[in-house]
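Q: This is the structure, below, for whatever I ask next.
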Amino acid sequence: MDVGVTVLDTEPEVVNSIMVQITASPPNIDSIADIVENLQSAKFGEMVPDTLLRRLWAKGRQGVSDRMTDVVREIVQGRR
């Protein structure tokens, strides 16, 4: 699974500061699920309660969250 982040109109120093914060205190996947948009992508997605969609989204991406933190840590430490 690919994960991308788009940062618009932001100075590199601000992005670096945010990445340092991520390495110091990685976000919980459940807190990320709270702000994800466009969860209703399946044919009957609109019939599924929002809380269930968010829970399923988080469960399916737990490993991605862990790997993302590792990648950000490597970038901050200059290994990538």
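Each chain in the structure tokens gets a letter, A, B and so on, in the order shown; residues start at 1 in every chain, and ligands are counted from 1 in the order they appear.
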Env of Asp30 (chain A): 9 Å cut, atoms = only C-alpha atoms, seq-sep filter 6 positions within chain, self excluded. Answer as a list of chain:residue names.
A: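 Listed by chain and then number, they are A:Arg54, A:Arg55, A:Trp57, A:Ala58, A:Lys59, A:Gln62.
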Q: Keeping only N, CA and C atoms, take the residues you just selected and write them out as a PDB file, in the first residue's frame.
A:
ATOM      1  N   ARG A  54     -14.250   4.179  10.008  1.00  0.00           N
ATOM      2  CA  ARG A  54     -12.989   4.690  10.558  1.00  0.00           C
ATOM      3  C   ARG A  54     -12.212   3.585  11.279  1.00  0.00           C
ATOM      4  N   ARG A  55     -12.930   2.772  12.029  1.00  0.00           N
ATOM      5  CA  ARG A  55     -12.280   1.669  12.749  1.00  0.00           C
ATOM      6  C   ARG A  55     -11.651   0.679  11.758  1.00  0.00           C
ATOM      7  N   TRP A  57     -10.761   1.331   8.653  1.00  0.00           N
ATOM      8  CA  TRP A  57      -9.654   2.012   7.980  1.00  0.00           C
ATOM      9  C   TRP A  57      -8.395   1.923   8.845  1.00  0.00           C
ATOM     10  N   ALA A  58      -8.528   2.219  10.127  1.00  0.00           N
ATOM     11  CA  ALA A  58      -7.378   2.201  11.036  1.00  0.00           C
ATOM     12  C   ALA A  58      -6.800   0.795  11.161  1.00  0.00           C
ATOM     13  N   LYS A  59      -7.669  -0.191  11.299  1.00  0.00           N
ATOM     14  CA  LYS A  59      -7.205  -1.584  11.446  1.00  0.00           C
ATOM     15  C   LYS A  59      -6.412  -2.028  10.217  1.00  0.00           C
ATOM     16  N   GLN A  62      -2.652  -0.159  10.231  1.00  0.00           N
ATOM     17  CA  GLN A  62      -1.764  -0.115  11.390  1.00  0.00           C
ATOM     18  C   GLN A  62      -0.297  -0.301  10.987  1.00  0.00           C
TER      19      GLN A  62
END
Q: Given the choices A:Asn38, A:Thr51, A:Gln77, A:Thr6, which gets closest to Val20 (chain A) if the distance is worked out from only C-alpha atoms?
A: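 Comparing A:Asn38, A:Thr51, A:Gln77, A:Thr6 against Val20 (chain A), the winner is A:Gln77.
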Q: Got a sec: who's within 12 Å of Gly78 (chain A), counting only C-alpha atoms, leaving out chain neighbours fewer than 5 positions off, as a CSV table (one decimal) with N, CA and C atoms, in the first residue's frame?
A:
chain,number,residue,atom,x,y,z
A,16,ASN,N,10.2,20.0,8.3
A,16,ASN,CA,11.1,19.3,9.1
A,16,ASN,C,10.8,19.3,10.6
A,20,VAL,N,10.1,16.0,12.9
A,20,VAL,CA,10.8,15.8,14.1
A,20,VAL,C,9.8,15.4,15.2
A,71,VAL,N,10.1,5.6,8.4
A,71,VAL,CA,10.6,6.3,7.2
A,71,VAL,C,10.9,7.8,7.6
A,72,VAL,N,9.9,8.4,8.3
A,72,VAL,CA,10.1,9.8,8.8
A,72,VAL,C,11.3,9.9,9.7
A,73,ARG,N,11.5,8.9,10.5
A,73,ARG,CA,12.7,9.0,11.4
A,73,ARG,C,14.0,8.9,10.6
Q: As a PyMOL selection string, please: every residue in region 8-78 of chain A that a backbone DSSP assignment puts in helix (DSSP H, G or I).
A: chain A and resi 12-24+29-33+45-47+50-60+62-76
Q: Generate a file of the selected residues that holds N, CA and C atoms, formatted as a tab-separated table (two decimals), in the first residue's frame.
A:
chain	number	residue	atom	x	y	z
A	12	PRO	N	10.27	24.52	4.07
A	12	PRO	CA	10.93	23.26	4.43
A	12	PRO	C	11.22	23.14	5.93
A	13	GLU	N	11.54	24.25	6.58
A	13	GLU	CA	11.84	24.20	8.01
A	13	GLU	C	10.61	23.78	8.82
A	14	VAL	N	9.44	24.21	8.37
A	14	VAL	CA	8.19	23.83	9.05
A	14	VAL	C	7.92	22.34	8.87
A	15	VAL	N	8.12	21.85	7.65
A	15	VAL	CA	7.93	20.43	7.38
A	15	VAL	C	8.90	19.61	8.22
A	16	ASN	N	10.15	20.02	8.28
A	16	ASN	CA	11.14	19.31	9.07
A	16	ASN	C	10.75	19.30	10.56
A	17	SER	N	10.26	20.42	11.05
A	17	SER	CA	9.84	20.50	12.44
A	17	SER	C	8.69	19.51	12.73
A	18	ILE	N	7.76	19.42	11.80
A	18	ILE	CA	6.65	18.47	11.97
A	18	ILE	C	7.17	17.04	11.95
A	19	MET	N	8.11	16.75	11.06
A	19	MET	CA	8.66	15.39	11.01
A	19	MET	C	9.40	15.04	12.29
A	20	VAL	N	10.12	16.00	12.86
A	20	VAL	CA	10.79	15.77	14.15
A	20	VAL	C	9.75	15.45	15.22
A	21	GLN	N	8.64	16.17	15.21
A	21	GLN	CA	7.57	15.90	16.18
A	21	GLN	C	6.99	14.51	15.99
A	22	ILE	N	6.86	14.08	14.74
A	22	ILE	CA	6.33	12.74	14.46
A	22	ILE	C	7.27	11.67	15.02
A	23	THR	N	8.57	11.88	14.86
A	23	THR	CA	9.51	10.88	15.38
A	23	THR	C	9.52	10.85	16.90
A	24	ALA	N	9.31	12.01	17.52
A	24	ALA	CA	9.30	12.08	18.98
A	24	ALA	C	8.03	11.49	19.57
A	29	ILE	N	-2.77	5.65	15.04
A	29	ILE	CA	-3.53	5.44	13.81
A	29	ILE	C	-5.00	5.78	14.01
A	30	ASP	N	-5.52	5.60	15.22
A	30	ASP	CA	-6.92	5.93	15.48
A	30	ASP	C	-7.16	7.44	15.40
A	31	SER	N	-6.18	8.23	15.85
A	31	SER	CA	-6.34	9.69	15.75
A	31	SER	C	-6.26	10.15	14.31
A	32	ILE	N	-5.48	9.45	13.49
A	32	ILE	CA	-5.42	9.77	12.07
A	32	ILE	C	-6.75	9.41	11.41
A	33	ALA	N	-7.30	8.27	11.79
A	33	ALA	CA	-8.59	7.84	11.23
A	33	ALA	C	-9.69	8.86	11.50
A	45	GLY	N	-20.95	2.01	0.70
A	45	GLY	CA	-20.24	2.68	1.78
A	45	GLY	C	-21.08	3.67	2.57
A	46	GLU	N	-22.01	4.32	1.89
A	46	GLU	CA	-22.85	5.31	2.57
A	46	GLU	C	-23.82	4.67	3.56
A	47	MET	N	-23.98	3.36	3.49
A	47	MET	CA	-24.88	2.66	4.41
A	47	MET	C	-24.16	2.19	5.68
A	50	ASP	N	-20.20	5.74	10.06
A	50	ASP	CA	-18.90	6.40	9.98
A	50	ASP	C	-17.90	5.82	10.98
A	51	THR	N	-18.34	5.55	12.20
A	51	THR	CA	-17.41	5.03	13.21
A	51	THR	C	-16.86	3.67	12.80
A	52	LEU	N	-17.69	2.84	12.18
A	52	LEU	CA	-17.21	1.53	11.72
A	52	LEU	C	-16.23	1.69	10.56
A	53	LEU	N	-16.53	2.58	9.63
A	53	LEU	CA	-15.61	2.83	8.51
A	53	LEU	C	-14.25	3.29	9.02
A	54	ARG	N	-14.25	4.18	10.01
A	54	ARG	CA	-12.99	4.69	10.56
A	54	ARG	C	-12.21	3.58	11.28
A	55	ARG	N	-12.93	2.77	12.03
A	55	ARG	CA	-12.28	1.67	12.75
A	55	ARG	C	-11.65	0.68	11.76
A	56	LEU	N	-12.38	0.34	10.70
A	56	LEU	CA	-11.86	-0.58	9.70
A	56	LEU	C	-10.68	0.03	8.94
A	57	TRP	N	-10.76	1.33	8.65
A	57	TRP	CA	-9.65	2.01	7.98
A	57	TRP	C	-8.39	1.92	8.84
A	58	ALA	N	-8.53	2.22	10.13
A	58	ALA	CA	-7.38	2.20	11.04
A	58	ALA	C	-6.80	0.80	11.16
A	59	LYS	N	-7.67	-0.19	11.30
A	59	LYS	CA	-7.21	-1.58	11.45
A	59	LYS	C	-6.41	-2.03	10.22
A	60	GLY	N	-6.88	-1.64	9.05
A	60	GLY	CA	-6.20	-2.05	7.82
A	60	GLY	C	-4.90	-1.31	7.55
A	62	GLN	N	-2.65	-0.16	10.23
A	62	GLN	CA	-1.76	-0.11	11.39
A	62	GLN	C	-0.30	-0.30	10.99
A	63	GLY	N	-0.03	-1.26	10.13
A	63	GLY	CA	1.34	-1.49	9.68
A	63	GLY	C	1.91	-0.32	8.91
A	64	VAL	N	1.06	0.34	8.12
A	64	VAL	CA	1.50	1.51	7.36
A	64	VAL	C	1.91	2.63	8.31
A	65	SER	N	1.15	2.81	9.37
A	65	SER	CA	1.48	3.83	10.36
A	65	SER	C	2.85	3.58	10.97
A	66	ASP	N	3.11	2.35	11.34
A	66	ASP	CA	4.40	2.00	11.93
A	66	ASP	C	5.54	2.24	10.95
A	67	ARG	N	5.35	1.81	9.70
A	67	ARG	CA	6.39	1.99	8.68
A	67	ARG	C	6.60	3.47	8.37
A	68	MET	N	5.50	4.25	8.34
A	68	MET	CA	5.62	5.68	8.07
A	68	MET	C	6.49	6.36	9.12
A	69	THR	N	6.29	6.00	10.37
A	69	THR	CA	7.10	6.59	11.44
A	69	THR	C	8.57	6.24	11.25
A	70	ASP	N	8.85	5.00	10.86
A	70	ASP	CA	10.24	4.59	10.61
A	70	ASP	C	10.85	5.39	9.46
A	71	VAL	N	10.08	5.59	8.38
A	71	VAL	CA	10.59	6.34	7.23
A	71	VAL	C	10.85	7.80	7.61
A	72	VAL	N	9.92	8.41	8.34
A	72	VAL	CA	10.11	9.80	8.77
A	72	VAL	C	11.35	9.91	9.66
A	73	ARG	N	11.53	8.95	10.54
A	73	ARG	CA	12.71	8.96	11.43
A	73	ARG	C	13.99	8.89	10.60
A	74	GLU	N	14.00	8.05	9.56
A	74	GLU	CA	15.19	7.94	8.70
A	74	GLU	C	15.45	9.25	7.95
A	75	ILE	N	14.39	9.90	7.50
A	75	ILE	CA	14.56	11.18	6.79
A	75	ILE	C	15.14	12.23	7.72
A	76	VAL	N	14.57	12.31	8.92
A	76	VAL	CA	15.05	13.31	9.90
A	76	VAL	C	16.50	13.06	10.27
